[in-house]
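*Asks:* Here it is: the structure, laid out below.
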Amino acid sequence: MCGIFAFLNYNVARERRYILEVLFNGLRRLEYRGYDSSGIAIDADLRSPVTIDKGEGNDGGEEASRLPYNSAPPLVFRQEGKIESLVRSVYSEVDAMDLNLEKSFSVHAGIAHTRWATHGVPSPRNSHPQSSGACNEFLVVHNGIITNYEVLKETLIRHGFTFESETDTEVIPKLAKFVFDKARDEEGEQTVTFSQVVTEVMRQLEGAYALIFKSAHYPNELIACKRGSTLILGVKELSDDKNSGKLFHDVKALTKDEKPKELFFSSDLCAIVEHTKNYLAIEDNEVVHIKDGCVSILKFDYGREKPASVQRALSVLEMEVEQIKKGNYDHFMQKEIHEQPHSLTTTMRGRLKDNSVVLGGLKDHLKTIRHSRRIIFIGCGTSYNAALAARPFLEELSGIPVTMELASDLLDRQGPIYREDTAVFVSQSGETADTLLALEYALGNGALCVGVTNTVGSTLARRTHCGVHINAGCEIGVASTKAYTSQIVVMAMMALAIGADKISTQARREAIINGLSDLPKKVSEVLKLDGEMRDLAKSLIDTQSLLVFGRGYNYATALEGALKVKEVALMHSEGMLAGEMKHGPLALVDETLPIIVIATHDACFSKQQSVIQQLHARKGRLIVMCSEGDATSVCPMGSCRVIEVPQVADCLQPVINIIPMQLLAYHLTVLRGYDVDQPRNLAKSVTTE
Ligand code: F6R
């Protein structure tokens, strides 16, 4: 939903301008997560008279005098709109306040946030960092939802706090100040540590969150903690030492580590990879404290009075910087569409061996899955569509009934799930709230829960019993493209692995495995339709609406193709089951409404031919997608526009067929002048119900 980022340089001189640029760049990388407003907090000059964001009617004088001698109220900048509007406003504000951008800091802690509004409209007031009040004693950036914020807010108001924003987040820094003031009043100066304040705050919070704290009382320190939402620590040692595999110290034995370094917190790896490959995926209930060049980790436990310190090793990131850059492309969506031959290769790497499929994350559970009474696919949006594309093949190879559930609908109905069920959760981000809630529901009902996700370390990956990573690489365009095709391929491989014990389908399985090996090449071929799809987009630029008819394996293609067009080109489009055409949608058909019919060669081909004839008879404006060489049989006498695509095995055809639809959606968006990578009102990972 939102993106949070922090940068701390230790024992290495960094100018204020450099620090600002690192923070802005971190936000640019995370902008796809939310882009209606943003903000940062950096240090002011010591004892600077400048304080901004003061609470109404409060000059902050008293609080300022309570700050430590070596601290000054941090500066907070917040702005509505995309990151670039924050960048412009920060530079003009620092200019107006005559802040020296060349000033160098040997240690400095900065935090940043990009928002997708849930509580309160996009505005500077509702943007993060949210503050404890005048003097910004405690500042917080937050990704997630605090479900008990109303109760906390009432309590804090009773204790004299005034609130400025409509956010759920504002209770967090105010609670931190409350905890800090109380401890200091009871026990005197220097008695309470930053991590004690934060763990006490955590104890009070309910919901899902990733948080980063900065405080004027603990200058040059940062604390990050999480419960639910993903949070990454990146470590860049600037000395020669290799720190991969190094264990962090116990917080109580915190020794000074003087080595120069840069440390980062981020909602995801995309904002870290250009700085370092050494990272740690912070786990739920961990409190990560950076102080004096050391990183210490406490594990928070509700049952226990005191959190325990833990040691964690850094991992090495397997991601190249190129993945987060557009390269020669104009947009990330365009780049991600064109990189599908590569992403599919990565998805299958090491998994196809000697006419069989090896899925390490699933192998110990295959027997249980084969004995399930039912397999249920659960997901939202594009992930649901990918599962729908894989469903017929899984049914065919496993012989087990496969049902489909949109996560939100399953929860609304509290649909029955049993111990004998296998529930397969499909989510690119692994953080979609509806999917995660459905997962908790299925776990509670005793089903075997399998995850299919693109995000290593995500909540979905951690909470399911087993699963498969799709390994599609970082997807930055909000509209999912390469993750969709990789999800289908992973689920096709799952079907092959589940059905591997059946002699009767061996030849079929071998044919599909050969088809999988060939798929990246076929995807490269279909990508050559780019120019043709641009021409088609030109002809559709002014239309109000688009229908897409598919059936069988390509019912999913119709739904997903229509979803792509509506979400980026902002054009009404609907994907429909062709078998349902006569039961209502036919009434819409006239000479103006464009209709795409997916009629590639499979068991449903003749039925689709008859759909085309019926649409013709009603003078429909038809565009038919067919297999290469089939143009005359689907469209006699050249009476409609035809898109010819390479033919592959029926169950893999949805991977090929979606690509012209992705290209069409992309070109329509560019031609209509809309934002391709950050479509209106959407964010990549939807962490609210
Ligand atoms: C559309 C799109 C969404 C997501 C949906 C679920 O292009 O990407 O429909 O598929 O919001 O997200 P994940 O897959 O992260 O659970």
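In the structure tokens, chains take letters A, B, ... by order of appearance, with residues numbered from 1 within each chain and ligands from 1 in the order shown.
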Taking only C-alpha atoms and all ligand atoms into account, list the residues no farther than 9 Å from ligand 1, as a PDB file with all heavy atoms, in the first residue's frame.
*Replies:*
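Result file follows (selection-v8.pdb):
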ATOM      1  N   GLY A 379      -7.295 -16.168  -4.673  1.00  0.00           N
ATOM      2  CA  GLY A 379      -6.477 -15.003  -5.017  1.00  0.00           C
ATOM      3  C   GLY A 379      -7.358 -13.819  -5.338  1.00  0.00           C
ATOM      4  O   GLY A 379      -8.583 -13.866  -5.184  1.00  0.00           O
ATOM      5  N   CYS A 380      -6.746 -12.735  -5.807  1.00  0.00           N
ATOM      6  CA  CYS A 380      -7.477 -11.526  -6.200  1.00  0.00           C
ATOM      7  C   CYS A 380      -6.940 -11.071  -7.563  1.00  0.00           C
ATOM      8  O   CYS A 380      -5.764 -11.288  -7.876  1.00  0.00           O
ATOM      9  CB  CYS A 380      -7.207 -10.372  -5.240  1.00  0.00           C
ATOM     10  SG  CYS A 380      -7.512 -10.740  -3.530  1.00  0.00           S
ATOM     11  N   GLY A 381      -7.793 -10.407  -8.327  1.00  0.00           N
ATOM     12  CA  GLY A 381      -7.384  -9.733  -9.559  1.00  0.00           C
ATOM     13  C   GLY A 381      -6.624 -10.637 -10.506  1.00  0.00           C
ATOM     14  O   GLY A 381      -7.025 -11.769 -10.815  1.00  0.00           O
ATOM     15  N   THR A 382      -5.481 -10.146 -10.949  1.00  0.00           N
ATOM     16  CA  THR A 382      -4.663 -10.866 -11.918  1.00  0.00           C
ATOM     17  C   THR A 382      -4.241 -12.247 -11.401  1.00  0.00           C
ATOM     18  O   THR A 382      -4.190 -13.217 -12.165  1.00  0.00           O
ATOM     19  CB  THR A 382      -3.430 -10.002 -12.264  1.00  0.00           C
ATOM     20  OG1 THR A 382      -3.894  -8.910 -13.048  1.00  0.00           O
ATOM     21  CG2 THR A 382      -2.378 -10.754 -13.020  1.00  0.00           C
ATOM     22  N   SER A 383      -3.961 -12.342 -10.124  1.00  0.00           N
ATOM     23  CA  SER A 383      -3.529 -13.628  -9.564  1.00  0.00           C
ATOM     24  C   SER A 383      -4.659 -14.652  -9.644  1.00  0.00           C
ATOM     25  O   SER A 383      -4.425 -15.834  -9.925  1.00  0.00           O
ATOM     26  CB  SER A 383      -3.082 -13.460  -8.111  1.00  0.00           C
ATOM     27  OG  SER A 383      -1.914 -12.685  -8.087  1.00  0.00           O
ATOM     28  N   TYR A 384      -5.881 -14.189  -9.413  1.00  0.00           N
ATOM     29  CA  TYR A 384      -7.047 -15.073  -9.549  1.00  0.00           C
ATOM     30  C   TYR A 384      -7.146 -15.528 -11.003  1.00  0.00           C
ATOM     31  O   TYR A 384      -7.374 -16.714 -11.298  1.00  0.00           O
ATOM     32  CB  TYR A 384      -8.311 -14.308  -9.124  1.00  0.00           C
ATOM     33  CG  TYR A 384      -9.599 -15.050  -9.372  1.00  0.00           C
ATOM     34  CD1 TYR A 384     -10.148 -15.873  -8.387  1.00  0.00           C
ATOM     35  CD2 TYR A 384     -10.278 -14.935 -10.588  1.00  0.00           C
ATOM     36  CE1 TYR A 384     -11.332 -16.563  -8.609  1.00  0.00           C
ATOM     37  CE2 TYR A 384     -11.457 -15.624 -10.819  1.00  0.00           C
ATOM     38  CZ  TYR A 384     -11.982 -16.438  -9.830  1.00  0.00           C
ATOM     39  OH  TYR A 384     -13.142 -17.117 -10.060  1.00  0.00           O
ATOM     40  N   ASN A 385      -6.968 -14.583 -11.935  1.00  0.00           N
ATOM     41  CA  ASN A 385      -7.075 -14.927 -13.355  1.00  0.00           C
ATOM     42  C   ASN A 385      -6.030 -15.970 -13.758  1.00  0.00           C
ATOM     43  O   ASN A 385      -6.307 -16.872 -14.553  1.00  0.00           O
ATOM     44  CB  ASN A 385      -6.911 -13.674 -14.226  1.00  0.00           C
ATOM     45  CG  ASN A 385      -8.064 -12.698 -14.021  1.00  0.00           C
ATOM     46  OD1 ASN A 385      -9.122 -13.074 -13.509  1.00  0.00           O
ATOM     47  ND2 ASN A 385      -7.869 -11.446 -14.410  1.00  0.00           N
ATOM     48  N   ALA A 386      -4.824 -15.828 -13.200  1.00  0.00           N
ATOM     49  CA  ALA A 386      -3.767 -16.802 -13.524  1.00  0.00           C
ATOM     50  C   ALA A 386      -4.179 -18.195 -13.052  1.00  0.00           C
ATOM     51  O   ALA A 386      -3.997 -19.195 -13.759  1.00  0.00           O
ATOM     52  CB  ALA A 386      -2.450 -16.377 -12.868  1.00  0.00           C
ATOM     53  N   PHE A 425      -2.917 -20.542  -2.496  1.00  0.00           N
ATOM     54  CA  PHE A 425      -3.014 -19.078  -2.442  1.00  0.00           C
ATOM     55  C   PHE A 425      -2.068 -18.474  -3.455  1.00  0.00           C
ATOM     56  O   PHE A 425      -0.866 -18.745  -3.432  1.00  0.00           O
ATOM     57  CB  PHE A 425      -2.693 -18.589  -1.029  1.00  0.00           C
ATOM     58  CG  PHE A 425      -3.744 -19.017  -0.059  1.00  0.00           C
ATOM     59  CD1 PHE A 425      -3.695 -20.275   0.526  1.00  0.00           C
ATOM     60  CD2 PHE A 425      -4.837 -18.212   0.200  1.00  0.00           C
ATOM     61  CE1 PHE A 425      -4.690 -20.702   1.368  1.00  0.00           C
ATOM     62  CE2 PHE A 425      -5.844 -18.633   1.041  1.00  0.00           C
ATOM     63  CZ  PHE A 425      -5.770 -19.872   1.630  1.00  0.00           C
ATOM     64  N   VAL A 426      -2.632 -17.635  -4.351  1.00  0.00           N
ATOM     65  CA  VAL A 426      -1.835 -17.080  -5.437  1.00  0.00           C
ATOM     66  C   VAL A 426      -1.758 -15.567  -5.243  1.00  0.00           C
ATOM     67  O   VAL A 426      -2.784 -14.891  -5.158  1.00  0.00           O
ATOM     68  CB  VAL A 426      -2.482 -17.417  -6.801  1.00  0.00           C
ATOM     69  CG1 VAL A 426      -1.548 -17.044  -7.938  1.00  0.00           C
ATOM     70  CG2 VAL A 426      -2.830 -18.890  -6.872  1.00  0.00           C
ATOM     71  N   SER A 427      -0.548 -15.052  -5.142  1.00  0.00           N
ATOM     72  CA  SER A 427      -0.387 -13.603  -4.930  1.00  0.00           C
ATOM     73  C   SER A 427       1.025 -13.196  -5.333  1.00  0.00           C
ATOM     74  O   SER A 427       1.997 -13.750  -4.824  1.00  0.00           O
ATOM     75  CB  SER A 427      -0.614 -13.281  -3.451  1.00  0.00           C
ATOM     76  OG  SER A 427      -0.219 -11.968  -3.163  1.00  0.00           O
ATOM     77  N   GLN A 428       1.105 -12.219  -6.238  1.00  0.00           N
ATOM     78  CA  GLN A 428       2.442 -11.762  -6.649  1.00  0.00           C
ATOM     79  C   GLN A 428       3.192 -11.188  -5.449  1.00  0.00           C
ATOM     80  O   GLN A 428       4.329 -11.524  -5.192  1.00  0.00           O
ATOM     81  CB  GLN A 428       2.340 -10.645  -7.691  1.00  0.00           C
ATOM     82  CG  GLN A 428       1.538 -10.952  -8.914  1.00  0.00           C
ATOM     83  CD  GLN A 428       0.688  -9.753  -9.317  1.00  0.00           C
ATOM     84  OE1 GLN A 428       1.108  -8.605  -9.205  1.00  0.00           O
ATOM     85  NE2 GLN A 428      -0.498 -10.017  -9.813  1.00  0.00           N
ATOM     86  N   SER A 429       2.527 -10.291  -4.735  1.00  0.00           N
ATOM     87  CA  SER A 429       3.180  -9.580  -3.632  1.00  0.00           C
ATOM     88  C   SER A 429       3.294 -10.445  -2.382  1.00  0.00           C
ATOM     89  O   SER A 429       4.191 -10.236  -1.567  1.00  0.00           O
ATOM     90  CB  SER A 429       2.371  -8.336  -3.280  1.00  0.00           C
ATOM     91  OG  SER A 429       1.073  -8.722  -2.842  1.00  0.00           O
ATOM     92  N   GLY A 430       2.367 -11.375  -2.207  1.00  0.00           N
ATOM     93  CA  GLY A 430       2.326 -12.156  -0.976  1.00  0.00           C
ATOM     94  C   GLY A 430       1.879 -11.326   0.206  1.00  0.00           C
ATOM     95  O   GLY A 430       2.001 -11.752   1.363  1.00  0.00           O
ATOM     96  N   GLU A 431       1.358 -10.123  -0.059  1.00  0.00           N
ATOM     97  CA  GLU A 431       0.960  -9.238   1.036  1.00  0.00           C
ATOM     98  C   GLU A 431      -0.470  -8.738   0.880  1.00  0.00           C
ATOM     99  O   GLU A 431      -0.898  -7.858   1.625  1.00  0.00           O
ATOM    100  CB  GLU A 431       1.905  -8.018   1.116  1.00  0.00           C
ATOM    101  CG  GLU A 431       3.367  -8.335   1.409  1.00  0.00           C
ATOM    102  CD  GLU A 431       3.611  -8.938   2.789  1.00  0.00           C
ATOM    103  OE1 GLU A 431       2.704  -8.890   3.642  1.00  0.00           O
ATOM    104  OE2 GLU A 431       4.709  -9.486   3.009  1.00  0.00           O
ATOM    105  N   THR A 432      -1.212  -9.230  -0.096  1.00  0.00           N
ATOM    106  CA  THR A 432      -2.572  -8.734  -0.309  1.00  0.00           C
ATOM    107  C   THR A 432      -3.459  -9.112   0.877  1.00  0.00           C
ATOM    108  O   THR A 432      -3.577 -10.293   1.221  1.00  0.00           O
ATOM    109  CB  THR A 432      -3.123  -9.324  -1.622  1.00  0.00           C
ATOM    110  OG1 THR A 432      -2.263  -8.908  -2.664  1.00  0.00           O
ATOM    111  CG2 THR A 432      -4.532  -8.848  -1.914  1.00  0.00           C
ATOM    112  N   ALA A 433      -4.071  -8.092   1.475  1.00  0.00           N
ATOM    113  CA  ALA A 433      -4.789  -8.305   2.739  1.00  0.00           C
ATOM    114  C   ALA A 433      -5.875  -9.370   2.601  1.00  0.00           C
ATOM    115  O   ALA A 433      -5.973 -10.276   3.439  1.00  0.00           O
ATOM    116  CB  ALA A 433      -5.391  -6.992   3.217  1.00  0.00           C
ATOM    117  N   ASP A 434      -6.695  -9.281   1.544  1.00  0.00           N
ATOM    118  CA  ASP A 434      -7.791 -10.248   1.403  1.00  0.00           C
ATOM    119  C   ASP A 434      -7.246 -11.676   1.315  1.00  0.00           C
ATOM    120  O   ASP A 434      -7.786 -12.603   1.922  1.00  0.00           O
ATOM    121  CB  ASP A 434      -8.607  -9.940   0.138  1.00  0.00           C
ATOM    122  CG  ASP A 434      -9.438  -8.678   0.309  1.00  0.00           C
ATOM    123  OD1 ASP A 434      -9.855  -8.390   1.442  1.00  0.00           O
ATOM    124  OD2 ASP A 434      -9.653  -7.978  -0.697  1.00  0.00           O
ATOM    125  N   THR A 435      -6.187 -11.831   0.537  1.00  0.00           N
ATOM    126  CA  THR A 435      -5.611 -13.171   0.361  1.00  0.00           C
ATOM    127  C   THR A 435      -5.034 -13.680   1.683  1.00  0.00           C
ATOM    128  O   THR A 435      -5.202 -14.851   2.035  1.00  0.00           O
ATOM    129  CB  THR A 435      -4.541 -13.133  -0.749  1.00  0.00           C
ATOM    130  OG1 THR A 435      -5.116 -12.498  -1.888  1.00  0.00           O
ATOM    131  CG2 THR A 435      -4.041 -14.505  -1.122  1.00  0.00           C
ATOM    132  N   LEU A 436      -4.380 -12.786   2.417  1.00  0.00           N
ATOM    133  CA  LEU A 436      -3.789 -13.216   3.698  1.00  0.00           C
ATOM    134  C   LEU A 436      -4.867 -13.558   4.726  1.00  0.00           C
ATOM    135  O   LEU A 436      -4.721 -14.509   5.501  1.00  0.00           O
ATOM    136  CB  LEU A 436      -2.853 -12.123   4.245  1.00  0.00           C
ATOM    137  CG  LEU A 436      -1.586 -11.873   3.418  1.00  0.00           C
ATOM    138  CD1 LEU A 436      -0.732 -10.798   4.067  1.00  0.00           C
ATOM    139  CD2 LEU A 436      -0.778 -13.160   3.251  1.00  0.00           C
ATOM    140  N   THR A 453       3.886 -17.333  -5.036  1.00  0.00           N
ATOM    141  CA  THR A 453       4.150 -15.894  -4.920  1.00  0.00           C
ATOM    142  C   THR A 453       5.458 -15.511  -5.590  1.00  0.00           C
ATOM    143  O   THR A 453       6.332 -16.355  -5.805  1.00  0.00           O
ATOM    144  CB  THR A 453       4.151 -15.459  -3.432  1.00  0.00           C
ATOM    145  OG1 THR A 453       4.345 -14.041  -3.364  1.00  0.00           O
ATOM    146  CG2 THR A 453       5.251 -16.130  -2.625  1.00  0.00           C
ATOM    147  N   ASN A 454       5.575 -14.215  -5.879  1.00  0.00           N
ATOM    148  CA  ASN A 454       6.814 -13.697  -6.467  1.00  0.00           C
ATOM    149  C   ASN A 454       7.731 -13.137  -5.393  1.00  0.00           C
ATOM    150  O   ASN A 454       8.840 -12.733  -5.692  1.00  0.00           O
ATOM    151  CB  ASN A 454       6.460 -12.583  -7.477  1.00  0.00           C
ATOM    152  CG  ASN A 454       7.568 -12.329  -8.477  1.00  0.00           C
ATOM    153  OD1 ASN A 454       8.419 -13.197  -8.708  1.00  0.00           O
ATOM    154  ND2 ASN A 454       7.592 -11.157  -9.072  1.00  0.00           N
ATOM    155  N   THR A 455       7.242 -13.089  -4.147  1.00  0.00           N
ATOM    156  CA  THR A 455       7.995 -12.347  -3.137  1.00  0.00           C
ATOM    157  C   THR A 455       8.528 -13.250  -2.034  1.00  0.00           C
ATOM    158  O   THR A 455       7.779 -13.689  -1.150  1.00  0.00           O
ATOM    159  CB  THR A 455       7.107 -11.219  -2.544  1.00  0.00           C
ATOM    160  OG1 THR A 455       6.460 -10.566  -3.633  1.00  0.00           O
ATOM    161  CG2 THR A 455       7.939 -10.217  -1.775  1.00  0.00           C
ATOM    162  N   GLY A 477       5.871  -1.981 -12.801  1.00  0.00           N
ATOM    163  CA  GLY A 477       4.618  -1.452 -13.347  1.00  0.00           C
ATOM    164  C   GLY A 477       3.468  -1.976 -12.489  1.00  0.00           C
ATOM    165  O   GLY A 477       3.452  -3.153 -12.129  1.00  0.00           O
ATOM    166  N   VAL A 478       2.531  -1.093 -12.162  1.00  0.00           N
ATOM    167  CA  VAL A 478       1.443  -1.527 -11.280  1.00  0.00           C
ATOM    168  C   VAL A 478       0.598  -2.621 -11.946  1.00  0.00           C
ATOM    169  O   VAL A 478       0.140  -3.559 -11.293  1.00  0.00           O
ATOM    170  CB  VAL A 478       0.591  -0.308 -10.845  1.00  0.00           C
ATOM    171  CG1 VAL A 478      -0.741  -0.733 -10.251  1.00  0.00           C
ATOM    172  CG2 VAL A 478       1.379   0.503  -9.814  1.00  0.00           C
ATOM    173  N   ALA A 479       0.411  -2.503 -13.262  1.00  0.00           N
ATOM    174  CA  ALA A 479      -0.333  -3.557 -13.969  1.00  0.00           C
ATOM    175  C   ALA A 479       0.574  -4.774 -14.136  1.00  0.00           C
ATOM    176  O   ALA A 479       1.637  -4.698 -14.741  1.00  0.00           O
ATOM    177  CB  ALA A 479      -0.769  -3.056 -15.334  1.00  0.00           C
ATOM    178  N   SER A 480       0.131  -5.880 -13.607  1.00  0.00           N
ATOM    179  CA  SER A 480       0.960  -7.076 -13.656  1.00  0.00           C
ATOM    180  C   SER A 480       0.971  -7.680 -15.059  1.00  0.00           C
ATOM    181  O   SER A 480      -0.071  -7.823 -15.693  1.00  0.00           O
ATOM    182  CB  SER A 480       0.408  -8.097 -12.670  1.00  0.00           C
ATOM    183  OG  SER A 480       1.182  -9.251 -12.755  1.00  0.00           O
ATOM    184  N   THR A 481       2.149  -8.021 -15.537  1.00  0.00           N
ATOM    185  CA  THR A 481       2.273  -8.638 -16.863  1.00  0.00           C
ATOM    186  C   THR A 481       3.114  -9.910 -16.755  1.00  0.00           C
ATOM    187  O   THR A 481       2.600 -11.019 -16.859  1.00  0.00           O
ATOM    188  CB  THR A 481       2.902  -7.647 -17.863  1.00  0.00           C
ATOM    189  OG1 THR A 481       4.108  -7.108 -17.295  1.00  0.00           O
ATOM    190  CG2 THR A 481       1.935  -6.532 -18.217  1.00  0.00           C
ATOM    191  N   ALA A 483       4.492 -11.246 -14.178  1.00  0.00           N
ATOM    192  CA  ALA A 483       4.165 -12.106 -13.032  1.00  0.00           C
ATOM    193  C   ALA A 483       2.979 -13.003 -13.389  1.00  0.00           C
ATOM    194  O   ALA A 483       2.920 -14.161 -12.959  1.00  0.00           O
ATOM    195  CB  ALA A 483       3.854 -11.272 -11.797  1.00  0.00           C
ATOM    196  N   TYR A 484       2.051 -12.472 -14.195  1.00  0.00           N
ATOM    197  CA  TYR A 484       0.879 -13.268 -14.601  1.00  0.00           C
ATOM    198  C   TYR A 484       1.319 -14.515 -15.371  1.00  0.00           C
ATOM    199  O   TYR A 484       0.901 -15.635 -15.064  1.00  0.00           O
ATOM    200  CB  TYR A 484      -0.044 -12.399 -15.453  1.00  0.00           C
ATOM    201  CG  TYR A 484      -1.249 -13.128 -16.018  1.00  0.00           C
ATOM    202  CD1 TYR A 484      -2.307 -13.508 -15.211  1.00  0.00           C
ATOM    203  CD2 TYR A 484      -1.322 -13.437 -17.380  1.00  0.00           C
ATOM    204  CE1 TYR A 484      -3.414 -14.171 -15.732  1.00  0.00           C
ATOM    205  CE2 TYR A 484      -2.421 -14.094 -17.913  1.00  0.00           C
ATOM    206  CZ  TYR A 484      -3.469 -14.465 -17.078  1.00  0.00           C
ATOM    207  OH  TYR A 484      -4.557 -15.124 -17.596  1.00  0.00           O
ATOM    208  N   GLU A 560      -8.429 -11.407 -17.973  1.00  0.00           N
ATOM    209  CA  GLU A 560      -7.173 -10.701 -17.702  1.00  0.00           C
ATOM    210  C   GLU A 560      -6.912  -9.612 -18.755  1.00  0.00           C
ATOM    211  O   GLU A 560      -6.452  -8.519 -18.426  1.00  0.00           O
ATOM    212  CB  GLU A 560      -6.017 -11.720 -17.639  1.00  0.00           C
ATOM    213  CG  GLU A 560      -4.636 -11.140 -17.465  1.00  0.00           C
ATOM    214  CD  GLU A 560      -4.444 -10.338 -16.180  1.00  0.00           C
ATOM    215  OE1 GLU A 560      -5.317 -10.350 -15.303  1.00  0.00           O
ATOM    216  OE2 GLU A 560      -3.414  -9.657 -16.089  1.00  0.00           O
ATOM    217  N   LEU A 563      -9.081  -6.782 -17.903  1.00  0.00           N
ATOM    218  CA  LEU A 563      -8.580  -6.107 -16.688  1.00  0.00           C
ATOM    219  C   LEU A 563      -7.412  -5.186 -17.025  1.00  0.00           C
ATOM    220  O   LEU A 563      -7.329  -4.048 -16.551  1.00  0.00           O
ATOM    221  CB  LEU A 563      -8.159  -7.158 -15.650  1.00  0.00           C
ATOM    222  CG  LEU A 563      -7.568  -6.630 -14.336  1.00  0.00           C
ATOM    223  CD1 LEU A 563      -8.571  -5.788 -13.563  1.00  0.00           C
ATOM    224  CD2 LEU A 563      -7.095  -7.774 -13.449  1.00  0.00           C
ATOM    225  N   LYS A 564      -6.499  -5.658 -17.899  1.00  0.00           N
ATOM    226  CA  LYS A 564      -5.350  -4.830 -18.281  1.00  0.00           C
ATOM    227  C   LYS A 564      -5.832  -3.533 -18.941  1.00  0.00           C
ATOM    228  O   LYS A 564      -5.361  -2.452 -18.628  1.00  0.00           O
ATOM    229  CB  LYS A 564      -4.415  -5.553 -19.261  1.00  0.00           C
ATOM    230  CG  LYS A 564      -3.561  -6.663 -18.730  1.00  0.00           C
ATOM    231  CD  LYS A 564      -2.528  -6.247 -17.708  1.00  0.00           C
ATOM    232  CE  LYS A 564      -3.092  -6.239 -16.328  1.00  0.00           C
ATOM    233  NZ  LYS A 564      -2.723  -7.240 -15.390  1.00  0.00           N
ATOM    234  N   GLU A 567      -7.530  -1.194 -16.336  1.00  0.00           N
ATOM    235  CA  GLU A 567      -6.732  -0.605 -15.266  1.00  0.00           C
ATOM    236  C   GLU A 567      -5.694   0.401 -15.743  1.00  0.00           C
ATOM    237  O   GLU A 567      -5.393   1.347 -15.018  1.00  0.00           O
ATOM    238  CB  GLU A 567      -6.076  -1.674 -14.378  1.00  0.00           C
ATOM    239  CG  GLU A 567      -4.917  -2.431 -14.999  1.00  0.00           C
ATOM    240  CD  GLU A 567      -4.259  -3.389 -14.009  1.00  0.00           C
ATOM    241  OE1 GLU A 567      -4.051  -3.010 -12.854  1.00  0.00           O
ATOM    242  OE2 GLU A 567      -3.958  -4.512 -14.407  1.00  0.00           O
ATOM    243  N   VAL A 568      -5.173   0.238 -16.945  1.00  0.00           N
ATOM    244  CA  VAL A 568      -4.181   1.234 -17.382  1.00  0.00           C
ATOM    245  C   VAL A 568      -4.728   2.205 -18.422  1.00  0.00           C
ATOM    246  O   VAL A 568      -4.458   3.402 -18.368  1.00  0.00           O
ATOM    247  CB  VAL A 568      -2.859   0.600 -17.880  1.00  0.00           C
ATOM    248  CG1 VAL A 568      -1.997   0.141 -16.738  1.00  0.00           C
ATOM    249  CG2 VAL A 568      -3.074  -0.508 -18.867  1.00  0.00           C
ATOM    250  N   LEU A 682      -4.715   3.304  -8.228  1.00  0.00           N
ATOM    251  CA  LEU A 682      -4.268   1.930  -7.934  1.00  0.00           C
ATOM    252  C   LEU A 682      -2.908   1.923  -7.238  1.00  0.00           C
ATOM    253  O   LEU A 682      -2.156   2.884  -7.320  1.00  0.00           O
ATOM    254  CB  LEU A 682      -4.178   1.110  -9.214  1.00  0.00           C
ATOM    255  CG  LEU A 682      -5.484   0.875  -9.964  1.00  0.00           C
ATOM    256  CD1 LEU A 682      -5.230   0.040 -11.207  1.00  0.00           C
ATOM    257  CD2 LEU A 682      -6.503   0.184  -9.084  1.00  0.00           C
ATOM    258  N   ALA A 683      -2.630   0.846  -6.566  1.00  0.00           N
ATOM    259  CA  ALA A 683      -1.299   0.621  -6.006  1.00  0.00           C
ATOM    260  C   ALA A 683      -0.987  -0.849  -6.191  1.00  0.00           C
ATOM    261  O   ALA A 683      -1.884  -1.669  -6.363  1.00  0.00           O
ATOM    262  CB  ALA A 683      -1.271   0.975  -4.531  1.00  0.00           C
ATOM    263  N   LYS A 684       0.298  -1.157  -6.161  1.00  0.00           N
ATOM    264  CA  LYS A 684       0.704  -2.521  -6.518  1.00  0.00           C
ATOM    265  C   LYS A 684       0.266  -3.547  -5.480  1.00  0.00           C
ATOM    266  O   LYS A 684      -0.194  -4.618  -5.810  1.00  0.00           O
ATOM    267  CB  LYS A 684       2.218  -2.554  -6.670  1.00  0.00           C
ATOM    268  CG  LYS A 684       2.718  -3.852  -7.193  1.00  0.00           C
ATOM    269  CD  LYS A 684       3.168  -3.733  -8.610  1.00  0.00           C
ATOM    270  CE  LYS A 684       3.568  -5.049  -9.187  1.00  0.00           C
ATOM    271  NZ  LYS A 684       2.888  -5.311 -10.454  1.00  0.00           N
ATOM    272  N   SER A 685       0.445  -3.190  -4.222  1.00  0.00           N
ATOM    273  CA  SER A 685       0.146  -4.210  -3.232  1.00  0.00           C
ATOM    274  C   SER A 685      -0.965  -3.671  -2.320  1.00  0.00           C
ATOM    275  O   SER A 685      -0.826  -2.621  -1.711  1.00  0.00           O
ATOM    276  CB  SER A 685       1.449  -4.524  -2.501  1.00  0.00           C
ATOM    277  OG  SER A 685       1.262  -4.770  -1.180  1.00  0.00           O
ATOM    278  N   VAL A 686      -2.100  -4.393  -2.309  1.00  0.00           N
ATOM    279  CA  VAL A 686      -3.288  -3.852  -1.639  1.00  0.00           C
ATOM    280  C   VAL A 686      -3.402  -4.465  -0.246  1.00  0.00           C
ATOM    281  O   VAL A 686      -3.949  -5.546  -0.068  1.00  0.00           O
ATOM    282  CB  VAL A 686      -4.552  -4.131  -2.481  1.00  0.00           C
ATOM    283  CG1 VAL A 686      -5.769  -3.479  -1.855  1.00  0.00           C
ATOM    284  CG2 VAL A 686      -4.352  -3.601  -3.886  1.00  0.00           C
TER     285      VAL A 686
END
*Asks:* Set the distance at 6 Å and use only C-alpha atoms: which residues neighbour Gly446 (chain A) once local chain neighbours fewer than 2 positions away are removed? I'd like the list as a ChimeraX atom specification.
*Replies:* /A:419,443-444
*Asks:* Ranking A:Cys604, A:Met576, A:Ala423, A:Leu546 by minimum distance to Ile623 (chain A) and counting only C-alpha atoms, which one comes first?
*Replies:*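 Using only C-alpha atoms, Ile623 (chain A) sits closest to A:Leu546.
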